[in-house]
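Data block below; observations after.
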Amino acid sequence: MHAHDAEHAGDRDTHKRRLRGVLALALVFLIVEVAGGIASGSLALLADATHLFADVAALILAYGAMMLADVGPTKKYTFGFSRAEILAAFVNAELLLVVTVFLFYEAYRRFLEPPDIHTNLMTAVAVAGLGANVASVALLREGSAHSLNLKAAYLEVLSDALGSLGVAIAAVCMHFTGWFWLDPLASAGIGCLVLPRAISLLRQAAHILLEGSPREVDLVAVRERLLALPGVVELHDLHFWTLTSGLHSATVHICAAEESPRGEVLRAVQKLLKETAGIDHSTVQVEWGQETTCATTDHA
């Protein structure tokens, strides 16, 4: 058991190191692309920087989730600090939406009057950014097969690599053709990649902050299976919620038959919640006869 724990801790440390390396690369090239976009006059580079900003946010969330997982609860924060990941995601999504709307507006304006662009500088920055993304993909590829957290970060970086490739192609085409309208077109295309991600992230974060039931949990099906357990007569106050990504909790009041051993009913309910909803932490109150203590009436 100790060997397994040590191996798991070693894998986690390796994942953290790789995430730190990818995050460092992303931060450096975020600054490079912003500077290069301003200097070259390329909106596409600035749009790709926005895409890269989304990756930086995702990487920070992924790394933060790993760090916060090691921080235990305190007297003031009895659930620990895992929810901080969701708060950060909510704020990042709002920022991305604002920046993306601005990019669409600026792309429309530049499409009507395409400005001159320093294509040599734009090409150099785009190719360098593509190289950084390819290196990041290589760093995260192995770990993505073993960690959902790393898999999400890997897909984000892979998406940005495709965006950087599009900018590089647009830069080369403009260099040889002088079609500067390709720059706002490429930036709008990148905006179309960022917008769905920002909206999806905002919806997921809001759903968790509002204590919504996990989307992968079928509340009706779980209720029916609970009622079918031996010794369960009725149930009420059934609630599911998500503390942070992939960490769900549940509470339920079980009305048990008087002849049923309370401990056996409790263990059966906890086992079913783990098997059907993946919930390791559940709070189950087993009641007999007239012991009902819940005063609320809005039961699920």
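Identifiers for the structure tokens are assigned positionally: chains receive A, B, ... in sequence, residues are indexed from 1 per chain, and ligands are indexed from 1 in the order shown.
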If we count only C-alpha atoms, what is near Val98 of chain A at a cut-off of 12 Å, once residues fewer than 3 positions away on the same chain are taken out, given as a list in words?
->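 Returned residues: Thr50, Val91, Asn92, Ala93, Glu94, Leu95, Val101, Phe102, Leu103, Phe104, Tyr105, Gly191, Val194, Leu195, Ala198 and Ile199 of chain A.
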Could you give me, as JSON lines, every segment 75-174 of chain A residue with an atom at most 10 Å from segment 209-223 of chain A, plus its closest atom pair and distance in Å to one decimal, counting only C-alpha atoms, rows ordered by chain then number?
```
{"residue": "A:Arg83", "atom": "CA", "partner": "A:Leu209", "partner_atom": "CA", "distance": 8.4}
{"residue": "A:Ile86", "atom": "CA", "partner": "A:Leu209", "partner_atom": "CA", "distance": 7.4}
{"residue": "A:Leu87", "atom": "CA", "partner": "A:Leu209", "partner_atom": "CA", "distance": 7.9}
{"residue": "A:Phe90", "atom": "CA", "partner": "A:Leu209", "partner_atom": "CA", "distance": 8.9}
```
Test item, helix (DSSP H, G or I) assignment across segment 59-157 of chain A, answer as a PyMOL selection string = chain A and resi 59-69+84-112+119-141+143-145+148-157
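In this comparison, which uses only C-alpha atoms, the residue of A:Phe53, A:Trp241, A:Trp179, A:Phe79 approaching Val34 of chain A most closely is A:Phe53.
Note that the spacing between atom CA of His118 of chain A and atom CA of Val56 of chain A amounts to 26.6 Å.
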Which neighbours of Leu165 of chain A fall inside 8 Å, counting only C-alpha atoms, when residues of the same chain fewer than 6 positions from it are skipped, and could you give them as a count of residues only?
-> 3
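Taking only C-alpha atoms into account, Leu59 of chain A lies nearest to A:Ser136 out of the set A:Ser136, A:Thr100, A:Thr119, A:Thr276.
For the set A:Ala277, A:Ala170, A:Val157, A:Leu227, the residue with the smallest atom-to-atom gap to Arg141 of chain A is A:Val157, counting only C-alpha atoms.
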Check the smallest atom-to-atom distance from each of A:Ser42, A:Thr251, A:Thr14, A:Thr283 to Val167 of chain A using only C-alpha atoms, then report the winner.
-> A:Ser42
Val252 of chain A environment, 6 Å, only C-alpha atoms, sequence neighbours closer than 6 positions dropped, as a list in words |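 Result of the neighbour search: Asp237, Leu238 and Val284 of chain A.
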Those same residues, written as a PDB file, in the first residue's frame with C-alpha atoms?
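Saved to part_28.pdb:
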```
ATOM      1  CA  ASP A 237     -34.262  15.480   1.166  1.00  0.00           C
ATOM      2  CA  LEU A 238     -32.144  13.933  -1.612  1.00  0.00           C
ATOM      3  CA  VAL A 284     -27.100   9.649   5.048  1.00  0.00           C
TER       4      VAL A 284
END
```
Residue contacts of Ser164 of chain A (12 Å, only C-alpha atoms) excluding same-chain residues fewer than 5 positions away, as number ranges by chain = A: 29-30, 33, 44-52, 122-134, 157-159, 169-171, 186-187, 189-190, 193
Pick out the closest residue to His248 of chain A from this set: A:Leu139, A:Val232, A:Ser82, A:His175. Count only C-alpha atoms.
->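 Looking only at the distances to His248 of chain A, the closest residue turns out to be A:Ser82.
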Find the spatial neighbours of Arg262 of chain A, counting only C-alpha atoms, within a cut-off of 9 Å - ignore same-chain residues fewer than 3 positions away - and output them as a list in words.
-> Gly231, Ala256, Glu258, Glu259, Val265, Leu266, Arg267, Val286, Glu287 and Trp288 of chain A
Those same residues - N, CA and C atoms - I'd like them written as a CSV table (one decimal), in the first residue's frame.
```
chain,number,residue,atom,x,y,z
A,231,GLY,N,-35.2,-2.9,2.9
A,231,GLY,CA,-35.4,-2.1,4.1
A,231,GLY,C,-35.7,-0.6,3.9
A,256,ALA,N,-36.5,3.9,7.0
A,256,ALA,CA,-36.3,2.5,6.9
A,256,ALA,C,-37.4,1.7,7.6
A,258,GLU,N,-39.0,-0.7,10.3
A,258,GLU,CA,-38.6,-0.9,11.7
A,258,GLU,C,-37.8,-2.1,11.9
A,259,GLU,N,-38.0,-3.2,11.2
A,259,GLU,CA,-37.3,-4.4,11.4
A,259,GLU,C,-36.0,-4.5,10.7
A,265,VAL,N,-28.7,-0.8,6.3
A,265,VAL,CA,-29.4,0.1,5.4
A,265,VAL,C,-28.4,1.2,5.0
A,266,LEU,N,-27.7,1.8,6.0
A,266,LEU,CA,-26.8,2.8,5.8
A,266,LEU,C,-25.7,2.4,4.8
A,267,ARG,N,-25.1,1.3,5.1
A,267,ARG,CA,-24.0,0.8,4.2
A,267,ARG,C,-24.5,0.5,2.8
A,286,VAL,N,-30.6,7.9,8.5
A,286,VAL,CA,-31.6,6.8,8.5
A,286,VAL,C,-32.6,7.0,9.6
A,287,GLU,N,-33.9,7.0,9.3
A,287,GLU,CA,-35.0,7.2,10.2
A,287,GLU,C,-35.8,6.0,10.3
A,288,TRP,N,-36.4,5.8,11.5
A,288,TRP,CA,-37.3,4.7,11.7
A,288,TRP,C,-38.7,5.3,12.2
```
